[in-house]
Structures are given as C-alpha cells and as structure tokens.
Amino acid sequence: MRRQLQILQAVPNSYFLIKSIKADQAALEAFFRQMAEEMGVAGDRLRFLPRVPAETVHRANLAIADVVLDTFPYTGATTTLETLWMGIPLVTQVGEQFAARNSYTMLKNVGVEAGIAWSAEEYVEWGIRLGTDPALRQQISWQLQRSRHTSPLWNARQFTRDLEAAYEQMWQRSR
C-alpha cells in the first residue's frame, strides 16, 4: 500500500480506488486512511467500494481506471485478465514465487513490457510514468486490444488443442 500511496502523491488529480474484500469495511477504511495520513496523502484521494457480487458492477468499476496497480507479493489472476482484456495498463512487481509472477506472465503473453517492475522502486516509477503519460497509456491500451487477435493468452481454441494433445500424450505414456 505504501508504494501505491507514493504513486498517488506524485500523480496530480489521481485517486486510489479500493475494492473491499473484508466484511469489516469501516476497519479497512480506517487502516488505509491512517496509512495515507502518515504519508501525507489526503484521505479524500482514497475511494472505497463495497464488495458487490454482480460482475457487471465489478467490470464497470474496473473500467473507470486509467491504470491498475497490482498487489504484491500476491499478484492478480482473474482481475489481471479482466484488466488486460479491457485494455487497461497494469503495473506489477515480479517476485520469486508463483503467486508473485501471475500478472508478469500474462503481460509477457500479450506482448507488453511496460508496467513490469523488478523492484519496489521500479514499480513506483512505472506507476508515476503511466499515471502522468496519457500517450503511453493509450499506446499500451491499443497494444492490449490488438493482442486479443494475436496472443496465445486469448486463443482458447489453441489452448484446447494443446490441452487435448497433452492428455493424449499422458494417456499413451500410461499404457
């Protein structure tokens, strides 16, 4: 959260949208507001959303983002896929463990290098750069939209064929 607040400090007119996953929304908000205050970020730059089970509401909330700041060390999975499919630039930090490499793998599969950070400092740098450079955000958005037609990440038919071939190989080896 501190890295995200550093980005918020450096990007004028930005705010941080936080979707709750906890039952105690008030405690979550108090925790984040205290952290923001300690870092000199005005509390009104944090916006909190209650958890809503409707997919349409979730995607509508995601669609208002200019940039999505991934979590660390547990990076996104489904939300990362949705973010990339919607053409929204993502900032992620790559870690050592599997859970810290999900978003990195997805970005690589769609051919996007921008937003991939190998350190906390680089994460903040990417967040600031993407937050302040609308032309770069647009370029990445176009790249993500084009990837829908070219990336193996979105090619369900090929994935199914490859999976079937793997099952066939396993079955042949077990005989």
# chains A, B, ... in the order shown; residues from 1 in each chain; ligands from 1
>>> select_by_dssp(residues="segment 33-88 of chain A", states="strand (DSSP E)", output="list in words")
Leu46, Arg47, Phe48, Leu49, Val68 and Leu69 of chain A
>>> residues_around(residues="Asp66 of chain A", least_positions_apart="2", cutoff="7 Å", atoms="only C-alpha atoms", output="list in words")
Ile64, Val68 and Ile88 of chain A
>>> residues_around(residues="Arg129 of chain A", least_positions_apart="4", cutoff="12 Å", atoms="only C-alpha atoms", output="ChimeraX atom specification")
/A:7-8,10-12,66-67,89-91,114-115,122-125,133-137
>>> write_last_selection(atoms="C-alpha atoms", output="short mmCIF file (atom, residue, chain, number, x, y, z; two decimals), in the first residue's frame")
data_model
loop_
_atom_site.label_atom_id
_atom_site.label_comp_id
_atom_site.auth_asym_id
_atom_site.auth_seq_id
_atom_site.Cartn_x
_atom_site.Cartn_y
_atom_site.Cartn_z
CA ILE A 7 2.41 6.94 -6.77
CA LEU A 8 -0.69 8.81 -5.66
CA ALA A 10 3.30 12.04 -7.47
CA VAL A 11 0.34 11.90 -9.87
CA PRO A 12 -1.79 15.06 -9.72
CA ASP A 66 -6.67 4.71 -16.14
CA VAL A 67 -4.07 2.37 -14.62
CA PRO A 89 -2.45 -0.64 -18.43
CA LEU A 90 -1.21 -2.58 -15.41
CA VAL A 91 1.74 -2.05 -13.09
CA ALA A 114 5.56 -1.59 -19.97
CA GLY A 115 4.47 -1.78 -16.36
CA GLU A 122 10.67 0.43 -10.41
CA TYR A 123 7.02 -0.28 -9.51
CA VAL A 124 6.64 3.30 -8.24
CA GLU A 125 8.43 4.65 -11.33
CA ASP A 133 1.64 9.99 -19.57
CA PRO A 134 -1.71 9.65 -21.36
CA ALA A 135 0.00 8.92 -24.69
CA LEU A 136 1.83 5.93 -23.18
CA ARG A 137 -1.40 4.68 -21.61
#
>>> atom_distance(atom1="atom CA of Leu69 of chain A", atom2="atom CA of Phe31 of chain A")
18.7 Å
>>> atom_distance(atom1="atom CA of Thr80 of chain A", atom2="atom CA of Ala165 of chain A")
27.5 Å
>>> atom_distance(atom1="atom CA of Gln6 of chain A", atom2="atom CA of Ile128 of chain A")
8.7 Å
>>> closest_residue(among="A:Arg101, A:Arg59, A:Arg148, A:Arg161", to="Ala117 of chain A", atoms="only C-alpha atoms")
A:Arg101
>>> select_by_dssp(residues="segment 1-166 of chain A", states="alpha helix (DSSP H)", output="JSON, numbers by chain")
{"A": [2, 3, 4, 5, 6, 7, 8, 9, 10, 25, 26, 27, 28, 29, 30, 31, 32, 33, 34, 35, 36, 37, 38, 55, 56, 57, 58, 59, 60, 61, 62, 63, 78, 79, 80, 81, 82, 83, 84, 85, 102, 103, 104, 105, 106, 107, 108, 109, 120, 121, 122, 123, 124, 125, 126, 127, 128, 129, 130, 131, 132, 134, 135, 136, 137, 138, 139, 140, 141, 142, 143, 144, 145, 146, 147, 148, 149, 150, 156, 157, 158, 159, 160, 161, 162, 163, 164, 165, 166]}
>>> residues_around(residues="Val52 of chain A", least_positions_apart="6", cutoff="10 Å", atoms="only C-alpha atoms", output="short mmCIF file (atom, residue, chain, number, x, y, z; two decimals) with C-alpha atoms, in the first residue's frame")
data_model
loop_
_atom_site.label_atom_id
_atom_site.label_comp_id
_atom_site.auth_asym_id
_atom_site.auth_seq_id
_atom_site.Cartn_x
_atom_site.Cartn_y
_atom_site.Cartn_z
CA LYS A 19 -12.47 -2.57 -3.52
CA SER A 20 -13.19 -4.23 -0.20
CA ILE A 21 -12.92 -7.94 0.26
CA HIS A 58 -17.28 -5.12 -10.86
#
>>> closest_residue(among="A:Thr75, A:Gln97, A:Asn109, A:Asn102", to="Gln143 of chain A", atoms="only C-alpha atoms")
A:Asn109
>>> residues_around(residues="Val41 of chain A", least_positions_apart="4", cutoff="12 Å", atoms="only C-alpha atoms", output="VMD selection string")
chain A and resid 2 4 to 16 32 to 37 45 to 46
>>> residues_around(residues="Gly95 of chain A", least_positions_apart="3", cutoff="9 Å", atoms="only C-alpha atoms", output="PyMOL selection string")
chain A and resi 72-74+98-101+118-119
>>> closest_residue(among="A:Ile18, A:Met170, A:Leu62, A:Leu107", to="Met86 of chain A", atoms="only C-alpha atoms")
A:Leu62
>>> closest_residue(among="A:Leu130, A:Arg173, A:Leu163, A:Gly111", to="His149 of chain A", atoms="only C-alpha atoms")
A:Gly111
>>> closest_residue(among="A:Gln25, A:Ser151, A:Gln169, A:Ser103", to="Leu81 of chain A", atoms="only C-alpha atoms")
A:Ser103
>>> closest_residue(among="A:Thr71, A:Thr92, A:Thr105, A:Thr78", to="Trp126 of chain A", atoms="only C-alpha atoms")
A:Thr92
